[in-house]
>>> print(open('structure_6.pdb').read())   # PDB, C-alpha atoms
ATOM      1  CA  MET O1269       0.000   0.000   0.000
ATOM      2  CA  ARG O1270       1.395   3.383  -1.005
ATOM      3  CA  GLU O1271       1.959   5.946   1.768
ATOM      4  CA  VAL O1272       2.309   9.662   1.031
ATOM      5  CA  PHE O1273       3.609  12.075   3.664
ATOM      6  CA  VAL O1274       1.901  15.463   3.923
ATOM      7  CA  ASN O1275       4.332  18.043   5.257
ATOM      8  CA  MET O1276       3.583  21.484   6.720
ATOM      9  CA  GLY O1277       1.576  23.590   4.286
ATOM     10  CA  GLN O1278       1.096  20.743   1.819
ATOM     11  CA  ILE O1279      -2.033  19.179   0.376
ATOM     12  CA  HIS O1280      -2.078  15.669  -1.094
ATOM     13  CA  GLY O1281      -4.869  13.458  -2.303
ATOM     14  CA  MET O1282      -5.462  10.019  -3.710
ATOM     15  CA  ALA O1283      -8.212   7.773  -4.960
ATOM     16  CA  GLY O1284      -8.574   4.138  -3.961
ATOM     17  CA  ASP O1285      -5.897   2.384  -1.974
ATOM     18  CA  GLY O1286      -3.239   4.245   0.018
ATOM     19  CA  ILE O1287      -2.369   6.100   3.201
ATOM     20  CA  LEU O1288      -1.968   9.836   3.687
ATOM     21  CA  THR O1289       0.175  10.593   6.740
ATOM     22  CA  THR O1290       1.155  13.771   8.511
ATOM     23  CA  VAL O1291       3.487  13.971  11.479
ATOM     24  CA  GLY O1292       4.461  16.757  13.826
ATOM     25  CA  LEU O1293       0.974  18.119  14.431
ATOM     26  CA  GLY O1294       1.587  20.467  17.346
ATOM     27  CA  SER O1295      -0.366  23.695  16.963
ATOM     28  CA  CYS O1296      -0.923  22.749  13.300
ATOM     29  CA  VAL O1297      -4.170  21.076  12.275
ATOM     30  CA  GLY O1298      -4.329  18.051  10.015
ATOM     31  CA  VAL O1299      -7.496  17.959   7.923
ATOM     32  CA  ALA O1300      -8.737  14.873   6.091
ATOM     33  CA  LEU O1301     -11.631  15.190   3.627
ATOM     34  CA  TYR O1302     -13.279  12.041   2.297
ATOM     35  CA  ASP O1303     -15.906  10.935  -0.219
ATOM     36  CA  SER O1304     -16.658   7.290   0.593
ATOM     37  CA  SER O1305     -18.616   6.644  -2.613
ATOM     38  CA  ALA O1306     -15.686   7.701  -4.800
ATOM     39  CA  GLN O1307     -13.029   6.469  -2.321
ATOM     40  CA  VAL O1308     -11.280   9.809  -2.674
ATOM     41  CA  GLY O1309      -9.342  11.320   0.207
ATOM     42  CA  VAL O1310      -7.299  14.474   0.606
ATOM     43  CA  MET O1311      -5.205  15.702   3.509
ATOM     44  CA  GLY O1312      -3.747  19.066   4.435
ATOM     45  CA  HIS O1313      -1.310  20.145   7.149
ATOM     46  CA  ILE O1314      -2.440  23.666   8.085
ATOM     47  CA  PHE O1315      -0.225  25.798  10.302
ATOM     48  CA  LEU O1316      -1.761  29.292  10.362
ATOM     49  CA  PRO O1317      -5.383  30.422  10.631
ATOM     50  CA  GLN O1318      -5.469  33.123   7.987
ATOM     51  CA  SER O1319      -3.534  34.418   5.003
ATOM     52  CA  ARG O1320      -2.688  38.098   4.753
ATOM     53  CA  PRO O1321      -5.556  40.172   3.409
ATOM     54  CA  HIS O1322      -5.007  41.722  -0.004
ATOM     55  CA  SER O1323      -1.887  39.634  -0.619
ATOM     56  CA  ALA O1324      -1.023  38.304  -4.031
ATOM     57  CA  LYS O1325      -1.642  34.661  -4.913
ATOM     58  CA  VAL O1326      -0.694  32.427  -1.996
ATOM     59  CA  GLU O1327       2.240  30.219  -3.005
ATOM     60  CA  LEU O1328       1.351  27.444  -0.551
ATOM     61  CA  PRO O1329      -2.445  27.398  -0.077
ATOM     62  CA  GLY O1330      -2.214  24.529   2.419
ATOM     63  CA  LYS O1331      -0.440  26.828   4.848
ATOM     64  CA  PHE O1332      -3.526  28.829   5.898
ATOM     65  CA  ALA O1333      -6.993  27.610   6.935
ATOM     66  CA  ASP O1334      -8.776  30.157   4.724
ATOM     67  CA  THR O1335      -6.923  29.035   1.583
ATOM     68  CA  ALA O1336      -6.409  25.356   2.481
ATOM     69  CA  ILE O1337     -10.052  24.354   2.849
ATOM     70  CA  PRO O1338     -11.043  25.533  -0.665
ATOM     71  CA  ALA O1339      -7.841  23.969  -2.074
ATOM     72  CA  LEU O1340      -8.596  20.645  -0.346
ATOM     73  CA  ILE O1341     -12.117  20.651  -1.770
ATOM     74  CA  GLU O1342     -10.802  21.488  -5.243
ATOM     75  CA  GLU O1343      -8.276  18.627  -5.107
ATOM     76  CA  ALA O1344     -10.921  16.148  -3.903
ATOM     77  CA  VAL O1345     -13.271  17.130  -6.745
ATOM     78  CA  ARG O1346     -10.404  16.930  -9.253
ATOM     79  CA  LEU O1347      -9.817  13.326  -8.116
ATOM     80  CA  GLY O1348     -13.496  12.394  -8.579
ATOM     81  CA  ALA O1349     -15.201  13.323  -5.294
ATOM     82  CA  GLN O1350     -18.459  15.221  -5.078
ATOM     83  CA  LYS O1351     -18.397  18.165  -2.696
ATOM     84  CA  ARG O1352     -21.839  17.337  -1.257
ATOM     85  CA  ARG O1353     -20.553  13.915  -0.094
ATOM     86  CA  LEU O1354     -17.385  15.141   1.648
ATOM     87  CA  TRP O1355     -16.864  14.868   5.386
ATOM     88  CA  ALA O1356     -13.902  15.931   7.503
ATOM     89  CA  LYS O1357     -11.760  14.577  10.321
ATOM     90  CA  LEU O1358      -9.317  16.797  12.228
ATOM     91  CA  ALA O1359      -6.317  16.341  14.492
ATOM     92  CA  GLY O1360      -3.868  18.725  16.144
ATOM     93  CA  GLY O1361      -4.253  22.293  17.323
ATOM     94  CA  ALA O1362      -2.386  21.682  20.563
ATOM     95  CA  ASN O1363      -1.085  24.348  22.901
ATOM     96  CA  LEU O1364       2.493  23.182  23.287
ATOM     97  CA  PHE O1365       3.769  26.440  24.799
ATOM     98  CA  ALA O1366       1.281  27.761  27.369
ATOM     99  CA  ASN O1367       3.238  30.977  27.912
ATOM    100  CA  LEU O1368       2.801  32.000  24.239
ATOM    101  CA  ALA O1369      -0.971  32.513  24.312
ATOM    102  CA  GLY O1370      -1.976  35.964  23.141
ATOM    103  CA  PRO O1371      -5.190  37.991  23.439
ATOM    104  CA  ASN O1372      -6.885  35.729  20.863
ATOM    105  CA  GLY O1373      -5.813  32.542  22.624
ATOM    106  CA  ASN O1374      -3.061  30.183  21.544
ATOM    107  CA  ILE O1375      -2.234  29.520  17.893
ATOM    108  CA  GLY O1376      -3.473  25.920  18.121
ATOM    109  CA  MET O1377      -6.945  27.056  19.190
ATOM    110  CA  GLN O1378      -6.946  29.776  16.521
ATOM    111  CA  ASN O1379      -6.124  27.134  13.911
ATOM    112  CA  ILE O1380      -8.908  24.828  15.129
ATOM    113  CA  GLN O1381     -11.471  27.647  15.111
ATOM    114  CA  ALA O1382     -10.430  28.819  11.631
ATOM    115  CA  VAL O1383     -10.566  25.301  10.156
ATOM    116  CA  LEU O1384     -13.996  24.656  11.695
ATOM    117  CA  ALA O1385     -15.320  28.000  10.440
ATOM    118  CA  HIS O1386     -14.147  27.364   6.870
ATOM    119  CA  LEU O1387     -15.503  23.812   6.838
ATOM    120  CA  LYS O1388     -18.854  25.158   8.033
ATOM    121  CA  LEU O1389     -18.761  27.838   5.332
ATOM    122  CA  HIS O1390     -18.474  25.038   2.750
ATOM    123  CA  ASP O1391     -21.125  22.812   4.443
ATOM    124  CA  ILE O1392     -18.655  20.022   5.204
ATOM    125  CA  PRO O1393     -19.509  18.134   8.395
ATOM    126  CA  VAL O1394     -16.815  17.174  10.890
ATOM    127  CA  VAL O1395     -17.372  13.523  11.814
ATOM    128  CA  GLY O1396     -14.275  12.949  13.937
ATOM    129  CA  GLN O1397     -11.635  14.938  15.728
ATOM    130  CA  ASP O1398      -8.804  14.777  18.229
ATOM    131  CA  VAL O1399      -7.829  18.398  18.817
ATOM    132  CA  ALA O1400      -6.440  20.797  21.445
ATOM    133  CA  GLY O1401      -4.615  19.539  24.524
ATOM    134  CA  HIS O1402      -0.891  19.807  25.153
ATOM    135  CA  HIS O1403       0.647  17.066  23.012
ATOM    136  CA  GLY O1404       1.774  16.598  19.434
ATOM    137  CA  ARG O1405       0.192  14.055  17.126
ATOM    138  CA  LYS O1406       0.646  11.893  14.044
ATOM    139  CA  MET O1407      -2.366  11.414  11.755
ATOM    140  CA  ARG O1408      -2.810   8.517   9.287
ATOM    141  CA  PHE O1409      -5.677   8.461   6.770
ATOM    142  CA  TYR O1410      -6.515   5.135   5.095
ATOM    143  CA  VAL O1411      -8.141   6.275   1.867
ATOM    144  CA  ASP O1412      -9.740   2.956   0.907
ATOM    145  CA  THR O1413     -11.894   2.938   4.075
ATOM    146  CA  GLY O1414     -11.884   6.512   5.408
ATOM    147  CA  ARG O1415     -10.334   5.342   8.678
ATOM    148  CA  VAL O1416      -8.205   7.955  10.432
ATOM    149  CA  THR O1417      -5.894   7.070  13.310
ATOM    150  CA  VAL O1418      -4.180   9.567  15.565
ATOM    151  CA  THR O1419      -1.137   8.738  17.666
ATOM    152  CA  ALA O1420       0.347  10.920  20.404
ATOM    153  CA  ILE O1421       3.720  10.246  22.030
ATOM    154  CA  GLY O1422       3.321   7.751  24.850
ATOM    155  CA  LYS O1423      -0.309   6.972  23.962
ATOM    156  CA  ASP O1424      -2.045   4.234  22.017
ATOM    157  CA  PRO O1425      -3.401   5.164  18.576
ATOM    158  CA  ILE O1426      -7.068   6.129  18.490
ATOM    159  CA  ASP O1427      -9.567   6.087  15.646
ATOM    160  CA  ILE O1428     -11.429   9.304  15.047
TER     161      ILE O1428
END
>>> encode(input="structure_6.pdb", output="structure tokens")
Amino acid sequence: MREVFVNMGQIHGMAGDGILTTVGLGSCVGVALYDSSAQVGVMGHIFLPQSRPHSAKVELPGKFADTAIPALIEEAVRLGAQKRRLWAKLAGGANLFANLAGPNGNIGMQNIQAVLAHLKLHDIPVVGQDVAGHHGRKMRFYVDTGRVTVTAIGKDPIDI
């Protein structure tokens, strides 16, 4: 089975058999979108809540929640998914450095809130999540079944 690693700011997708994996989810949020009828899955590794307003074309749309969600949807549709059948699973958004929280909360929580808001804007339901807390995570997305496992250091993997 082919495994593709999704690094910070990247978006990858596949149809049929394979695994999409992202590691090092601290304050970043891993987003998996899936269409079970088409067996199409896409994953993004988002590390900031919002791109700069009025900026030119974003070079790495997977970097920001506001550009990543539309890009994930576009990639899923390109691979044969139908937007109306997509659902999402999320992992990450931890607060690894409690002393770095600003007036809008910590960056992990800002990322979670931004991802949820943009998924809602596109009418994509969240059917599973393992977010927040104080620990990093690894997320594996089995595209043939839609199964997503999340592993944190020192903990057993969980299905979300």
>>> residues_around(input="structure_6.pdb", residues="O:Tyr1410", least_positions_apart="6", cutoff="7 Å", atoms="all atoms listed in the file", output="JSON, numbers by chain")
{"O": [1286, 1287, 1288, 1416]}
>>> write_last_selection(input="structure_6.pdb", atoms="C-alpha atoms", output="compact mmCIF listing (two decimals), in the coordinates of the input")
# COMPACT_ATOMS: atom_id res chain seq x y z
CA GLY O 1286 -3.24 4.24 0.02
CA ILE O 1287 -2.37 6.10 3.20
CA LEU O 1288 -1.97 9.84 3.69
CA VAL O 1416 -8.20 7.96 10.43
>>> resolve_selection(input="structure_6.pdb", expression="the PyMOL selection byres ((chain O and resi 1414) around 12)", output="MDAnalysis selection string")
chainID O and resid 1282:1288 1300:1311 1354:1357 1395:1396 1408:1413 1415:1417 1427:1428
>>> atom_distance(input="structure_6.pdb", atom1="atom CA of O:Gly1348", atom2="atom CA of O:Leu1328")
22.6 Å
>>> closest_residue(input="structure_6.pdb", among="O:Arg1352, O:Lys1331, O:Lys1423, O:Arg1270", to="O:Ser1319", atoms="only C-alpha atoms")
O:Lys1331
>>> atom_distance(input="structure_6.pdb", atom1="atom CA of O:Gly1360", atom2="atom CA of O:Ile1341")
19.8 Å
>>> residues_around(input="structure_6.pdb", residues="O:Asn1363", least_positions_apart="2", cutoff="10 Å", atoms="all atoms listed in the file", output="PDB file with C-alpha atoms, in the frame of the given file")
ATOM      1  CA  GLY O1294       1.587  20.467  17.346  1.00  0.00           C
ATOM      2  CA  SER O1295      -0.366  23.695  16.963  1.00  0.00           C
ATOM      3  CA  CYS O1296      -0.923  22.749  13.300  1.00  0.00           C
ATOM      4  CA  GLY O1360      -3.868  18.725  16.144  1.00  0.00           C
ATOM      5  CA  GLY O1361      -4.253  22.293  17.323  1.00  0.00           C
ATOM      6  CA  PHE O1365       3.769  26.440  24.799  1.00  0.00           C
ATOM      7  CA  ALA O1366       1.281  27.761  27.369  1.00  0.00           C
ATOM      8  CA  ASN O1367       3.238  30.977  27.912  1.00  0.00           C
ATOM      9  CA  LEU O1368       2.801  32.000  24.239  1.00  0.00           C
ATOM     10  CA  ALA O1369      -0.971  32.513  24.312  1.00  0.00           C
ATOM     11  CA  GLY O1373      -5.813  32.542  22.624  1.00  0.00           C
ATOM     12  CA  ASN O1374      -3.061  30.183  21.544  1.00  0.00           C
ATOM     13  CA  ILE O1375      -2.234  29.520  17.893  1.00  0.00           C
ATOM     14  CA  GLY O1376      -3.473  25.920  18.121  1.00  0.00           C
ATOM     15  CA  MET O1377      -6.945  27.056  19.190  1.00  0.00           C
ATOM     16  CA  VAL O1399      -7.829  18.398  18.817  1.00  0.00           C
ATOM     17  CA  ALA O1400      -6.440  20.797  21.445  1.00  0.00           C
ATOM     18  CA  GLY O1401      -4.615  19.539  24.524  1.00  0.00           C
ATOM     19  CA  HIS O1402      -0.891  19.807  25.153  1.00  0.00           C
ATOM     20  CA  HIS O1403       0.647  17.066  23.012  1.00  0.00           C
ATOM     21  CA  GLY O1404       1.774  16.598  19.434  1.00  0.00           C
TER      22      GLY O1404
END
>>> closest_residue(input="structure_6.pdb", among="O:Ala1344, O:Ile1380, O:Leu1387, O:Ile1421", to="O:Leu1316", atoms="all atoms listed in the file")
O:Ile1380
>>> residues_around(input="structure_6.pdb", residues="O:Ile1279", least_positions_apart="2", cutoff="12 Å", atoms="all atoms listed in the file", output="JSON, numbers by chain")
{"O": [1272, 1273, 1274, 1275, 1276, 1277, 1281, 1282, 1288, 1289, 1290, 1298, 1299, 1300, 1301, 1309, 1310, 1311, 1312, 1313, 1314, 1328, 1329, 1330, 1331, 1332, 1333, 1335, 1336, 1337, 1338, 1339, 1340, 1341, 1342, 1343, 1344]}
>>> atom_distance(input="structure_6.pdb", atom1="atom CA of O:Ala1362", atom2="atom CA of O:Val1297")
8.5 Å
>>> axis_aligned_box(input="structure_6.pdb", around="stretch 1383-1390 of chain O", padding_each_side="8 Å", output="AutoDock Vina command-line options")
--center_x -14.7 --center_y 25.9 --center_z 7.2 --size_x 24.3 --size_y 20.2 --size_z 24.9
>>> closest_residue(input="structure_6.pdb", among="O:Val1291, O:Met1269, O:Leu1384, O:Val1394", to="O:Val1418", atoms="all atoms listed in the file")
O:Val1291
>>> closest_residue(input="structure_6.pdb", among="O:Leu1364, O:Val1345, O:Ile1426, O:Pro1321", to="O:Gln1397", atoms="all atoms listed in the file")
O:Ile1426
>>> residues_near_point(input="structure_6.pdb", point="(-8.7, 27.8, 9.5)", cutoff="6 Å", atoms="only C-alpha atoms", output="list in words")
Pro1317, Ala1333, Asp1334, Asn1379, Ala1382 and Val1383 of chain O
